[in-house]
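Below is work.csv, holding CSV, C-alpha atoms.
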```
chain,number,residue,atom,x,y,z
A,4,ASP,CA,12.6,-5.3,22.6
A,5,GLY,CA,14.5,-8.3,21.4
A,6,GLY,CA,15.8,-8.3,17.9
A,7,ILE,CA,18.7,-8.2,15.5
A,8,THR,CA,20.8,-5.0,15.0
A,9,GLN,CA,22.9,-4.5,11.9
A,10,SER,CA,25.3,-1.7,11.5
A,11,PRO,CA,26.1,0.5,9.7
A,12,LYS,CA,23.1,1.0,7.6
A,13,TYR,CA,25.3,2.3,4.7
A,14,LEU,CA,28.9,1.4,4.0
A,15,PHE,CA,31.3,2.4,1.3
A,16,ARG,CA,34.4,0.4,0.4
A,17,LYS,CA,37.4,1.6,-1.4
A,18,GLU,CA,39.4,-0.6,-3.9
A,19,GLY,CA,41.5,-3.2,-2.1
A,20,GLN,CA,39.9,-2.5,1.3
A,21,ASN,CA,38.4,-5.0,3.7
A,22,VAL,CA,35.2,-3.9,5.5
A,23,THR,CA,33.3,-5.5,8.4
A,24,LEU,CA,29.5,-5.5,8.8
A,25,SER,CA,28.2,-5.9,12.3
A,26,CYS,CA,25.3,-8.1,13.4
A,27,GLU,CA,24.2,-8.4,17.0
A,28,GLN,CA,21.2,-10.3,18.4
A,29,ASN,CA,19.6,-10.3,21.9
A,30,LEU,CA,17.2,-13.1,21.1
A,31,ASN,CA,19.4,-15.8,22.7
A,32,HIS,CA,19.3,-17.6,19.3
A,33,ASP,CA,21.8,-20.3,18.6
A,34,ALA,CA,21.9,-20.1,14.8
A,35,MET,CA,22.9,-17.0,12.7
A,36,TYR,CA,23.0,-16.4,9.0
A,37,TRP,CA,24.4,-13.9,6.4
A,38,TYR,CA,22.5,-13.4,3.1
A,39,ARG,CA,23.4,-11.2,0.2
A,40,GLN,CA,20.5,-9.6,-1.8
A,41,ASP,CA,21.0,-8.4,-5.4
A,42,PRO,CA,18.1,-7.0,-7.5
A,43,GLY,CA,16.3,-9.8,-9.3
A,44,GLN,CA,18.3,-12.5,-7.6
A,45,GLY,CA,16.7,-12.9,-4.3
A,46,LEU,CA,18.7,-13.9,-1.2
A,47,ARG,CA,21.8,-16.0,-1.4
A,48,LEU,CA,23.4,-17.6,1.6
A,49,ILE,CA,27.0,-16.5,2.3
A,50,TYR,CA,27.8,-18.1,5.7
A,51,TYR,CA,25.9,-19.6,8.6
A,52,SER,CA,26.7,-20.5,12.2
A,53,GLN,CA,24.9,-23.1,14.3
A,54,ILE,CA,26.7,-22.5,17.5
A,55,VAL,CA,29.5,-20.4,19.0
A,56,ASN,CA,32.9,-21.0,17.5
A,57,ASP,CA,31.5,-22.9,14.6
A,58,PHE,CA,30.4,-21.7,11.1
A,59,GLN,CA,29.8,-23.2,7.6
A,60,LYS,CA,30.1,-21.8,4.1
A,61,GLY,CA,27.0,-21.1,2.2
A,62,ASP,CA,26.5,-20.9,-1.5
A,63,ILE,CA,28.6,-17.8,-2.2
A,64,ALA,CA,31.3,-17.7,0.5
A,65,GLU,CA,34.2,-16.7,-1.7
A,66,GLY,CA,35.6,-13.3,-0.8
A,67,TYR,CA,33.9,-13.3,2.6
A,68,SER,CA,34.9,-14.3,6.1
A,69,VAL,CA,33.0,-14.6,9.4
A,70,SER,CA,33.6,-15.3,13.1
A,71,ARG,CA,31.4,-16.4,15.9
A,72,GLU,CA,33.2,-15.8,19.2
A,73,LYS,CA,30.1,-14.8,21.1
A,74,LYS,CA,26.6,-16.2,20.8
A,75,GLU,CA,25.1,-12.8,20.2
A,76,SER,CA,27.5,-11.6,17.5
A,77,PHE,CA,28.2,-12.7,14.0
A,78,PRO,CA,30.3,-10.1,12.0
A,79,LEU,CA,30.9,-10.5,8.3
A,80,THR,CA,34.1,-9.2,6.6
A,81,VAL,CA,34.0,-8.5,2.9
A,82,THR,CA,37.5,-8.9,1.8
A,83,SER,CA,39.3,-7.3,-1.2
A,84,ALA,CA,39.0,-10.7,-2.9
A,85,GLN,CA,35.3,-10.1,-3.4
A,86,LYS,CA,35.3,-8.3,-6.7
A,87,ASN,CA,31.6,-7.4,-6.8
A,88,PRO,CA,30.7,-6.5,-3.3
A,89,THR,CA,27.9,-3.9,-4.0
A,90,ALA,CA,24.8,-5.4,-2.5
A,91,PHE,CA,22.3,-5.3,0.4
A,92,TYR,CA,23.5,-7.6,3.2
A,93,LEU,CA,21.0,-9.2,5.6
A,94,CYS,CA,21.8,-10.9,8.9
A,95,ALA,CA,19.3,-13.4,10.3
A,96,SER,CA,18.9,-15.7,13.3
A,97,SER,CA,16.9,-18.7,14.3
A,98,ILE,CA,16.2,-20.2,17.7
A,99,ASP,CA,18.2,-23.4,16.9
A,100,GLN,CA,20.2,-24.9,14.1
A,101,ARG,CA,17.3,-27.1,12.8
A,102,LEU,CA,14.9,-24.1,12.5
A,103,THR,CA,12.5,-25.9,14.9
A,104,ASN,CA,10.1,-22.9,15.1
A,105,GLU,CA,10.4,-22.5,11.4
A,106,LYS,CA,11.1,-18.8,11.5
A,107,LEU,CA,14.1,-16.6,10.6
A,108,PHE,CA,14.4,-13.2,12.3
A,109,PHE,CA,16.1,-10.6,10.1
A,110,GLY,CA,18.0,-7.4,10.8
A,111,SER,CA,17.2,-4.3,8.7
A,112,GLY,CA,20.3,-4.7,6.5
A,113,THR,CA,23.5,-3.0,5.4
A,114,GLN,CA,23.8,-1.5,1.9
A,115,LEU,CA,27.5,-1.8,0.8
A,116,SER,CA,28.7,0.2,-2.1
A,117,VAL,CA,32.1,0.5,-3.8
A,118,LEU,CA,33.7,3.9,-4.2
B,118,GLY,CA,19.0,-29.5,-6.0
B,119,ASP,CA,16.3,-27.7,-4.0
B,120,SER,CA,15.1,-24.4,-5.5
B,121,VAL,CA,12.2,-21.9,-5.6
B,122,THR,CA,10.9,-20.1,-8.6
B,123,GLN,CA,8.6,-17.1,-8.4
B,124,MET,CA,6.8,-15.0,-11.0
B,125,GLU,CA,8.8,-12.1,-12.2
B,126,GLY,CA,7.9,-8.6,-11.1
B,127,PRO,CA,7.2,-5.8,-10.7
B,128,VAL,CA,3.5,-6.4,-10.3
B,129,THR,CA,1.5,-3.2,-10.3
B,130,LEU,CA,-2.2,-3.2,-9.1
B,131,SER,CA,-4.8,-0.7,-8.2
B,132,GLU,CA,-6.1,-0.6,-4.6
B,133,GLU,CA,-8.7,-3.3,-3.9
B,134,ALA,CA,-7.6,-5.5,-6.8
B,135,PHE,CA,-7.0,-9.2,-6.4
B,136,LEU,CA,-3.4,-10.4,-6.0
B,137,THR,CA,-1.8,-13.6,-7.0
B,138,ILE,CA,2.0,-14.2,-6.9
B,139,ASN,CA,3.0,-17.6,-8.2
B,140,CYS,CA,5.6,-19.8,-6.5
B,141,THR,CA,6.8,-23.2,-7.5
B,142,TYR,CA,9.4,-25.3,-5.9
B,143,THR,CA,11.7,-28.3,-6.5
B,144,ALA,CA,12.7,-30.3,-3.4
B,145,THR,CA,13.2,-33.8,-2.0
B,146,GLY,CA,10.2,-34.8,0.0
B,147,TYR,CA,7.7,-32.3,1.4
B,148,PRO,CA,9.5,-29.3,2.8
B,149,SER,CA,7.9,-26.6,4.9
B,150,LEU,CA,7.0,-23.5,2.7
B,151,PHE,CA,7.0,-19.9,3.6
B,152,TRP,CA,6.2,-16.4,2.3
B,153,TYR,CA,8.3,-13.5,3.6
B,154,VAL,CA,7.7,-9.8,3.0
B,155,GLN,CA,10.3,-7.0,2.8
B,156,TYR,CA,9.1,-3.4,3.1
B,157,PRO,CA,11.3,-0.7,1.6
B,158,GLY,CA,14.7,-0.3,3.4
B,159,GLU,CA,14.0,-3.1,5.9
B,160,GLY,CA,14.8,-6.8,6.5
B,161,LEU,CA,12.4,-9.7,5.8
B,162,GLN,CA,9.4,-10.6,8.0
B,163,LEU,CA,7.6,-13.9,8.0
B,164,LEU,CA,4.2,-13.5,6.5
B,165,LEU,CA,2.8,-17.0,6.5
B,166,LYS,CA,3.8,-20.6,6.4
B,167,ALA,CA,2.6,-24.2,5.7
B,168,THR,CA,4.3,-27.3,7.0
B,169,LYS,CA,2.5,-30.1,5.1
B,170,ALA,CA,0.6,-30.8,2.0
B,171,ASP,CA,-2.9,-29.2,1.7
B,172,ASP,CA,-2.1,-26.9,4.6
B,173,LYS,CA,-3.3,-23.3,4.2
B,174,GLY,CA,-1.2,-20.5,5.7
B,175,SER,CA,-2.9,-17.1,6.3
B,176,ASN,CA,-2.1,-13.8,7.8
B,177,LYS,CA,-3.2,-10.1,7.3
B,178,GLY,CA,-5.6,-11.2,4.6
B,179,PHE,CA,-3.0,-13.1,2.6
B,180,GLU,CA,-3.3,-16.8,2.0
B,181,ALA,CA,-1.3,-19.6,0.4
B,182,THR,CA,-2.1,-23.3,0.0
B,183,TYR,CA,0.6,-26.1,-0.1
B,184,ARG,CA,-0.1,-28.0,-3.3
B,185,LYS,CA,2.1,-31.1,-3.6
B,186,GLU,CA,0.5,-32.2,-6.9
B,187,THR,CA,1.7,-29.0,-8.6
B,188,THR,CA,4.6,-28.3,-6.2
B,189,SER,CA,3.2,-24.8,-5.7
B,190,PHE,CA,2.5,-22.3,-3.0
B,191,HIS,CA,0.9,-19.3,-4.6
B,192,LEU,CA,0.2,-16.2,-2.6
B,193,GLU,CA,-3.2,-14.6,-2.8
B,194,LYS,CA,-5.1,-11.6,-1.3
B,195,GLY,CA,-8.6,-10.6,-2.2
B,196,SER,CA,-8.2,-6.9,-1.9
B,197,VAL,CA,-4.8,-5.2,-1.8
B,198,GLN,CA,-4.0,-1.9,-0.1
B,199,VAL,CA,-1.3,0.7,-0.8
B,200,SER,CA,0.4,-0.5,2.4
B,201,ASP,CA,0.9,-3.9,0.9
B,202,SER,CA,3.5,-2.5,-1.5
B,203,ALA,CA,6.7,-4.5,-0.8
B,204,VAL,CA,8.8,-7.3,-2.1
B,205,TYR,CA,7.5,-10.8,-1.5
B,206,PHE,CA,9.7,-13.9,-1.2
B,207,CYS,CA,8.7,-17.5,-1.4
B,208,ALA,CA,11.0,-19.9,0.5
B,209,LEU,CA,11.4,-23.6,1.5
B,210,LYS,CA,13.2,-25.2,4.4
B,211,VAL,CA,15.9,-27.6,3.7
B,212,ILE,CA,17.0,-30.1,6.4
B,213,TYR,CA,20.5,-31.5,6.3
B,214,ASN,CA,22.4,-33.6,8.8
B,215,GLN,CA,23.7,-30.6,10.7
B,216,GLY,CA,20.6,-28.4,10.7
B,217,GLY,CA,18.2,-26.4,8.6
B,218,LYS,CA,18.3,-23.4,6.3
B,219,LEU,CA,15.9,-21.5,4.1
B,220,ILE,CA,16.2,-21.3,0.3
B,221,PHE,CA,14.6,-18.2,-1.2
B,222,GLY,CA,13.1,-17.4,-4.5
B,223,GLN,CA,14.2,-14.2,-6.4
B,224,GLY,CA,11.4,-12.1,-4.9
B,225,THR,CA,8.5,-10.4,-6.6
B,226,GLU,CA,8.0,-6.6,-6.2
B,227,LEU,CA,4.4,-5.5,-5.7
B,228,SER,CA,3.3,-1.9,-6.2
B,229,VAL,CA,-0.2,-0.9,-5.3
B,230,LYS,CA,-1.5,2.4,-6.6
B,231,PRO,CA,-4.3,4.4,-4.9
```

If you took the structure in this file and wrote it as structure tokens, what would it be?
Amino acid sequence: DGGITQSPKYLFRKEGQNVTLSCEQNLNHDAMYWYRQDPGQGLRLIYYSQIVNDFQKGDIAEGYSVSREKKESFPLTVTSAQKNPTAFYLCASSIDQRLTNEKLFFGSGTQLSVL
Amino acid sequence: GDSVTQMEGPVTLSEEAFLTINCTYTATGYPSLFWYVQYPGEGLQLLLKATKADDKGSNKGFEATYRKETTSFHLEKGSVQVSDSAVYFCALKVIYNQGGKLIFGQGTELSVKP
């Protein structure tokens, strides 16, 4: 079955540590997105990528970094500069950069907590 | 800027009750509108959508009508079930020169009791 796989499901970060969240899709989608979900605040866009080797900052990119070296992979690194990283992180993809089919496909998320 | 506002939760209902979750938006023009649902511990799934004014989206007994006069897209269901317990997100699609993205509301948690 095609879909988006996020790993790990749970992740713990120590003070001053960088951690990387994995996101892989086998849907052959061009565009990929990272959202952060906090209770009562909905989803906020961190980074998005419309095509391989290209990505753009979203609304809350500070303290995060991404890469898009392969079409199917869009890893997110939470750096030590992100002072409040505890949240549920969701990766999503769409068939193309203009959301032509008007649908985002989501992974099942990674819960990041600070030790 | 573009934004989505939903009624605050949690909403608690008894099984077979009528459901309304309010959603209003601010946007330039007439964007496509969506409802996504998130079951516990999972990602979001598209529930329904409407792409132009007066369109009605429907799926699994849920409905929402695109009202441009009131800039609203309220979600309704005539008779909820325990299995409908989830968080519901209203969203709109923003188009910019390089592509499209979705802007989400804050989510409304629904709890249905037997």

Select all residues from chain B having any atom no more than 9 Å from an atom of chain A (counting all atoms listed in the file, ignoring ligands), output as a list in words.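 Residues satisfying the distance criterion: Glu125, Gly126, Ser149, Phe151, Gly158, Glu159, Gly160, Leu161, Gln162, Leu163, Lys166, Thr168, Phe206, Lys210, Ile212, Tyr213, Gln215, Gly216, Gly217, Lys218, Leu219, Ile220, Phe221, Gly222, Gln223, Gly224 and Thr225 of chain B.
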
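Counting from CA of Thr141 (chain B), the distance to CA of Tyr205 (chain B) is 13.8 Å.
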
Of the residues B:Pro148, B:Pro127, B:Pro157, B:Gly118, which is the one nearest to Leu209 (chain B), using all atoms listed in the file?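 Of the candidates, the smallest distance to Leu209 (chain B) is held by B:Pro148.
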
Pairwise distance for CA of Ser120 (chain B) and CA of Leu115 (chain A), rounded to one decimal in Å: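 CA of Leu115 (chain A) lies at a distance of 26.5 Å from CA of Ser120 (chain B).
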
Residue contacts of Ser196 (chain B) (7 Å, all atoms listed in the file) excluding same-chain residues fewer than 5 positions away, as a PyMOL selection string: chain B and resi 133-135

My list of candidates is B:Asp171, B:Tyr153, B:Asn139, B:Ser200. Which is closest to Arg184 (chain B) when distances are computed with only C-alpha atoms?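 Selected residue with least distance to Arg184 (chain B): B:Asp171.
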
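If you look at CA of Thr129 (chain B) and CA of Leu164 (chain B), they are 19.9 Å away from each other.
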
Excluding Tyr142 (chain B) and residues on its chain fewer than 6 positions from it, collect all residues at most 8 Å away from it, counting all atoms listed in the file, and give them as a PyMOL selection string. chain B and resi 119-122+188-189+209

Using all atoms listed in the file, can you tell me which of A:Ser96, A:Ser116, A:Thr8, A:Asn29 comes closest to Ile54 (chain A)?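 When distances to Ile54 (chain A) are compared using all atoms listed in the file, the smallest one comes from A:Ser96.
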
Show which residues sit within 8 Å of Phe58 (chain A), as a list in words. Count only C-alpha atoms, and ignore same-chain residues fewer than 5 positions away. Tyr50, Tyr51, Ser52, Gln53, Val69, Ser70 and Arg71 of chain A

In terms of the shortest atom-to-atom distance over only C-alpha atoms, which of A:Leu79, A:Ile98, A:Ala64, A:Leu118 is closest to Ser10 (chain A)?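 Among A:Leu79, A:Ile98, A:Ala64, A:Leu118, it is A:Leu79 that comes nearest to Ser10 (chain A).
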
Reconstructed N, CA, C and O atoms for region 126-151 of chain B, given as a PDB file, keeping the file's coordinate frame:
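Result went into out04.pdb, see below:
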```
ATOM      1  N   GLY B 126       8.565  -9.851 -11.301  1.00  0.00           N
ATOM      2  CA  GLY B 126       7.900  -8.600 -11.100  1.00  0.00           C
ATOM      3  C   GLY B 126       8.459  -7.520 -11.997  1.00  0.00           C
ATOM      4  O   GLY B 126       9.241  -7.827 -12.887  1.00  0.00           O
ATOM      5  N   PRO B 127       8.134  -6.270 -11.775  1.00  0.00           N
ATOM      6  CA  PRO B 127       7.200  -5.800 -10.700  1.00  0.00           C
ATOM      7  C   PRO B 127       5.752  -6.081 -11.135  1.00  0.00           C
ATOM      8  O   PRO B 127       5.418  -6.133 -12.308  1.00  0.00           O
ATOM      9  N   VAL B 128       4.925  -6.287 -10.111  1.00  0.00           N
ATOM     10  CA  VAL B 128       3.500  -6.400 -10.300  1.00  0.00           C
ATOM     11  C   VAL B 128       2.876  -5.089  -9.813  1.00  0.00           C
ATOM     12  O   VAL B 128       3.135  -4.652  -8.687  1.00  0.00           O
ATOM     13  N   THR B 129       2.097  -4.479 -10.677  1.00  0.00           N
ATOM     14  CA  THR B 129       1.500  -3.200 -10.300  1.00  0.00           C
ATOM     15  C   THR B 129      -0.054  -3.388 -10.352  1.00  0.00           C
ATOM     16  O   THR B 129      -0.614  -3.853 -11.360  1.00  0.00           O
ATOM     17  N   LEU B 130      -0.708  -3.061  -9.249  1.00  0.00           N
ATOM     18  CA  LEU B 130      -2.200  -3.200  -9.100  1.00  0.00           C
ATOM     19  C   LEU B 130      -2.772  -1.947  -8.564  1.00  0.00           C
ATOM     20  O   LEU B 130      -2.087  -1.152  -7.894  1.00  0.00           O
ATOM     21  N   SER B 131      -4.043  -1.792  -8.819  1.00  0.00           N
ATOM     22  CA  SER B 131      -4.800  -0.700  -8.200  1.00  0.00           C
ATOM     23  C   SER B 131      -5.321  -1.188  -6.849  1.00  0.00           C
ATOM     24  O   SER B 131      -5.508  -2.396  -6.632  1.00  0.00           O
ATOM     25  N   GLU B 132      -5.533  -0.260  -5.953  1.00  0.00           N
ATOM     26  CA  GLU B 132      -6.100  -0.600  -4.600  1.00  0.00           C
ATOM     27  C   GLU B 132      -7.370  -1.384  -4.782  1.00  0.00           C
ATOM     28  O   GLU B 132      -8.176  -1.111  -5.672  1.00  0.00           O
ATOM     29  N   GLU B 133      -7.546  -2.394  -3.928  1.00  0.00           N
ATOM     30  CA  GLU B 133      -8.700  -3.300  -3.900  1.00  0.00           C
ATOM     31  C   GLU B 133      -8.695  -4.354  -4.968  1.00  0.00           C
ATOM     32  O   GLU B 133      -9.632  -5.156  -5.043  1.00  0.00           O
ATOM     33  N   ALA B 134      -7.665  -4.424  -5.777  1.00  0.00           N
ATOM     34  CA  ALA B 134      -7.600  -5.500  -6.800  1.00  0.00           C
ATOM     35  C   ALA B 134      -7.190  -6.803  -6.121  1.00  0.00           C
ATOM     36  O   ALA B 134      -6.699  -6.840  -4.990  1.00  0.00           O
ATOM     37  N   PHE B 135      -7.398  -7.890  -6.867  1.00  0.00           N
ATOM     38  CA  PHE B 135      -7.000  -9.200  -6.400  1.00  0.00           C
ATOM     39  C   PHE B 135      -5.576  -9.508  -6.762  1.00  0.00           C
ATOM     40  O   PHE B 135      -5.123  -9.197  -7.852  1.00  0.00           O
ATOM     41  N   LEU B 136      -4.875 -10.119  -5.809  1.00  0.00           N
ATOM     42  CA  LEU B 136      -3.400 -10.400  -6.000  1.00  0.00           C
ATOM     43  C   LEU B 136      -3.181 -11.890  -6.060  1.00  0.00           C
ATOM     44  O   LEU B 136      -3.696 -12.653  -5.226  1.00  0.00           O
ATOM     45  N   THR B 137      -2.372 -12.286  -7.027  1.00  0.00           N
ATOM     46  CA  THR B 137      -1.800 -13.600  -7.000  1.00  0.00           C
ATOM     47  C   THR B 137      -0.306 -13.487  -7.385  1.00  0.00           C
ATOM     48  O   THR B 137       0.032 -12.835  -8.371  1.00  0.00           O
ATOM     49  N   ILE B 138       0.542 -14.086  -6.580  1.00  0.00           N
ATOM     50  CA  ILE B 138       2.000 -14.200  -6.900  1.00  0.00           C
ATOM     51  C   ILE B 138       2.301 -15.682  -6.910  1.00  0.00           C
ATOM     52  O   ILE B 138       2.148 -16.371  -5.911  1.00  0.00           O
ATOM     53  N   ASN B 139       2.745 -16.148  -8.073  1.00  0.00           N
ATOM     54  CA  ASN B 139       3.000 -17.600  -8.200  1.00  0.00           C
ATOM     55  C   ASN B 139       4.350 -17.988  -7.664  1.00  0.00           C
ATOM     56  O   ASN B 139       5.344 -17.260  -7.772  1.00  0.00           O
ATOM     57  N   CYS B 140       4.369 -19.184  -7.072  1.00  0.00           N
ATOM     58  CA  CYS B 140       5.600 -19.800  -6.500  1.00  0.00           C
ATOM     59  C   CYS B 140       5.561 -21.272  -6.755  1.00  0.00           C
ATOM     60  O   CYS B 140       4.580 -21.920  -6.394  1.00  0.00           O
ATOM     61  N   THR B 141       6.600 -21.806  -7.344  1.00  0.00           N
ATOM     62  CA  THR B 141       6.800 -23.200  -7.500  1.00  0.00           C
ATOM     63  C   THR B 141       8.101 -23.648  -6.897  1.00  0.00           C
ATOM     64  O   THR B 141       9.019 -22.831  -6.825  1.00  0.00           O
ATOM     65  N   TYR B 142       8.206 -24.905  -6.498  1.00  0.00           N
ATOM     66  CA  TYR B 142       9.400 -25.300  -5.900  1.00  0.00           C
ATOM     67  C   TYR B 142       9.880 -26.699  -6.381  1.00  0.00           C
ATOM     68  O   TYR B 142       9.081 -27.469  -6.925  1.00  0.00           O
ATOM     69  N   THR B 143      11.151 -26.965  -6.184  1.00  0.00           N
ATOM     70  CA  THR B 143      11.700 -28.300  -6.500  1.00  0.00           C
ATOM     71  C   THR B 143      12.448 -28.705  -5.185  1.00  0.00           C
ATOM     72  O   THR B 143      13.292 -27.969  -4.663  1.00  0.00           O
ATOM     73  N   ALA B 144      12.080 -29.871  -4.678  1.00  0.00           N
ATOM     74  CA  ALA B 144      12.700 -30.300  -3.400  1.00  0.00           C
ATOM     75  C   ALA B 144      12.479 -31.819  -3.265  1.00  0.00           C
ATOM     76  O   ALA B 144      11.581 -32.412  -3.870  1.00  0.00           O
ATOM     77  N   THR B 145      13.314 -32.388  -2.422  1.00  0.00           N
ATOM     78  CA  THR B 145      13.200 -33.800  -2.000  1.00  0.00           C
ATOM     79  C   THR B 145      12.141 -33.855  -0.910  1.00  0.00           C
ATOM     80  O   THR B 145      12.257 -33.126   0.083  1.00  0.00           O
ATOM     81  N   GLY B 146      11.153 -34.704  -1.035  1.00  0.00           N
ATOM     82  CA  GLY B 146      10.200 -34.800   0.000  1.00  0.00           C
ATOM     83  C   GLY B 146       9.186 -33.683   0.042  1.00  0.00           C
ATOM     84  O   GLY B 146       8.892 -33.086  -0.992  1.00  0.00           O
ATOM     85  N   TYR B 147       8.709 -33.357   1.246  1.00  0.00           N
ATOM     86  CA  TYR B 147       7.700 -32.300   1.400  1.00  0.00           C
ATOM     87  C   TYR B 147       8.171 -31.297   2.412  1.00  0.00           C
ATOM     88  O   TYR B 147       7.858 -31.377   3.596  1.00  0.00           O
ATOM     89  N   PRO B 148       8.908 -30.313   1.917  1.00  0.00           N
ATOM     90  CA  PRO B 148       9.500 -29.300   2.800  1.00  0.00           C
ATOM     91  C   PRO B 148       8.442 -28.351   3.353  1.00  0.00           C
ATOM     92  O   PRO B 148       7.393 -28.167   2.728  1.00  0.00           O
ATOM     93  N   SER B 149       8.710 -27.689   4.446  1.00  0.00           N
ATOM     94  CA  SER B 149       7.900 -26.600   4.900  1.00  0.00           C
ATOM     95  C   SER B 149       8.106 -25.407   3.910  1.00  0.00           C
ATOM     96  O   SER B 149       9.201 -25.199   3.393  1.00  0.00           O
ATOM     97  N   LEU B 150       7.010 -24.651   3.685  1.00  0.00           N
ATOM     98  CA  LEU B 150       7.000 -23.500   2.700  1.00  0.00           C
ATOM     99  C   LEU B 150       6.643 -22.254   3.416  1.00  0.00           C
ATOM    100  O   LEU B 150       5.830 -22.259   4.355  1.00  0.00           O
ATOM    101  N   PHE B 151       7.182 -21.149   2.914  1.00  0.00           N
ATOM    102  CA  PHE B 151       7.000 -19.900   3.600  1.00  0.00           C
ATOM    103  C   PHE B 151       6.823 -18.740   2.564  1.00  0.00           C
ATOM    104  O   PHE B 151       7.289 -18.828   1.429  1.00  0.00           O
TER     105      PHE B 151
END
```
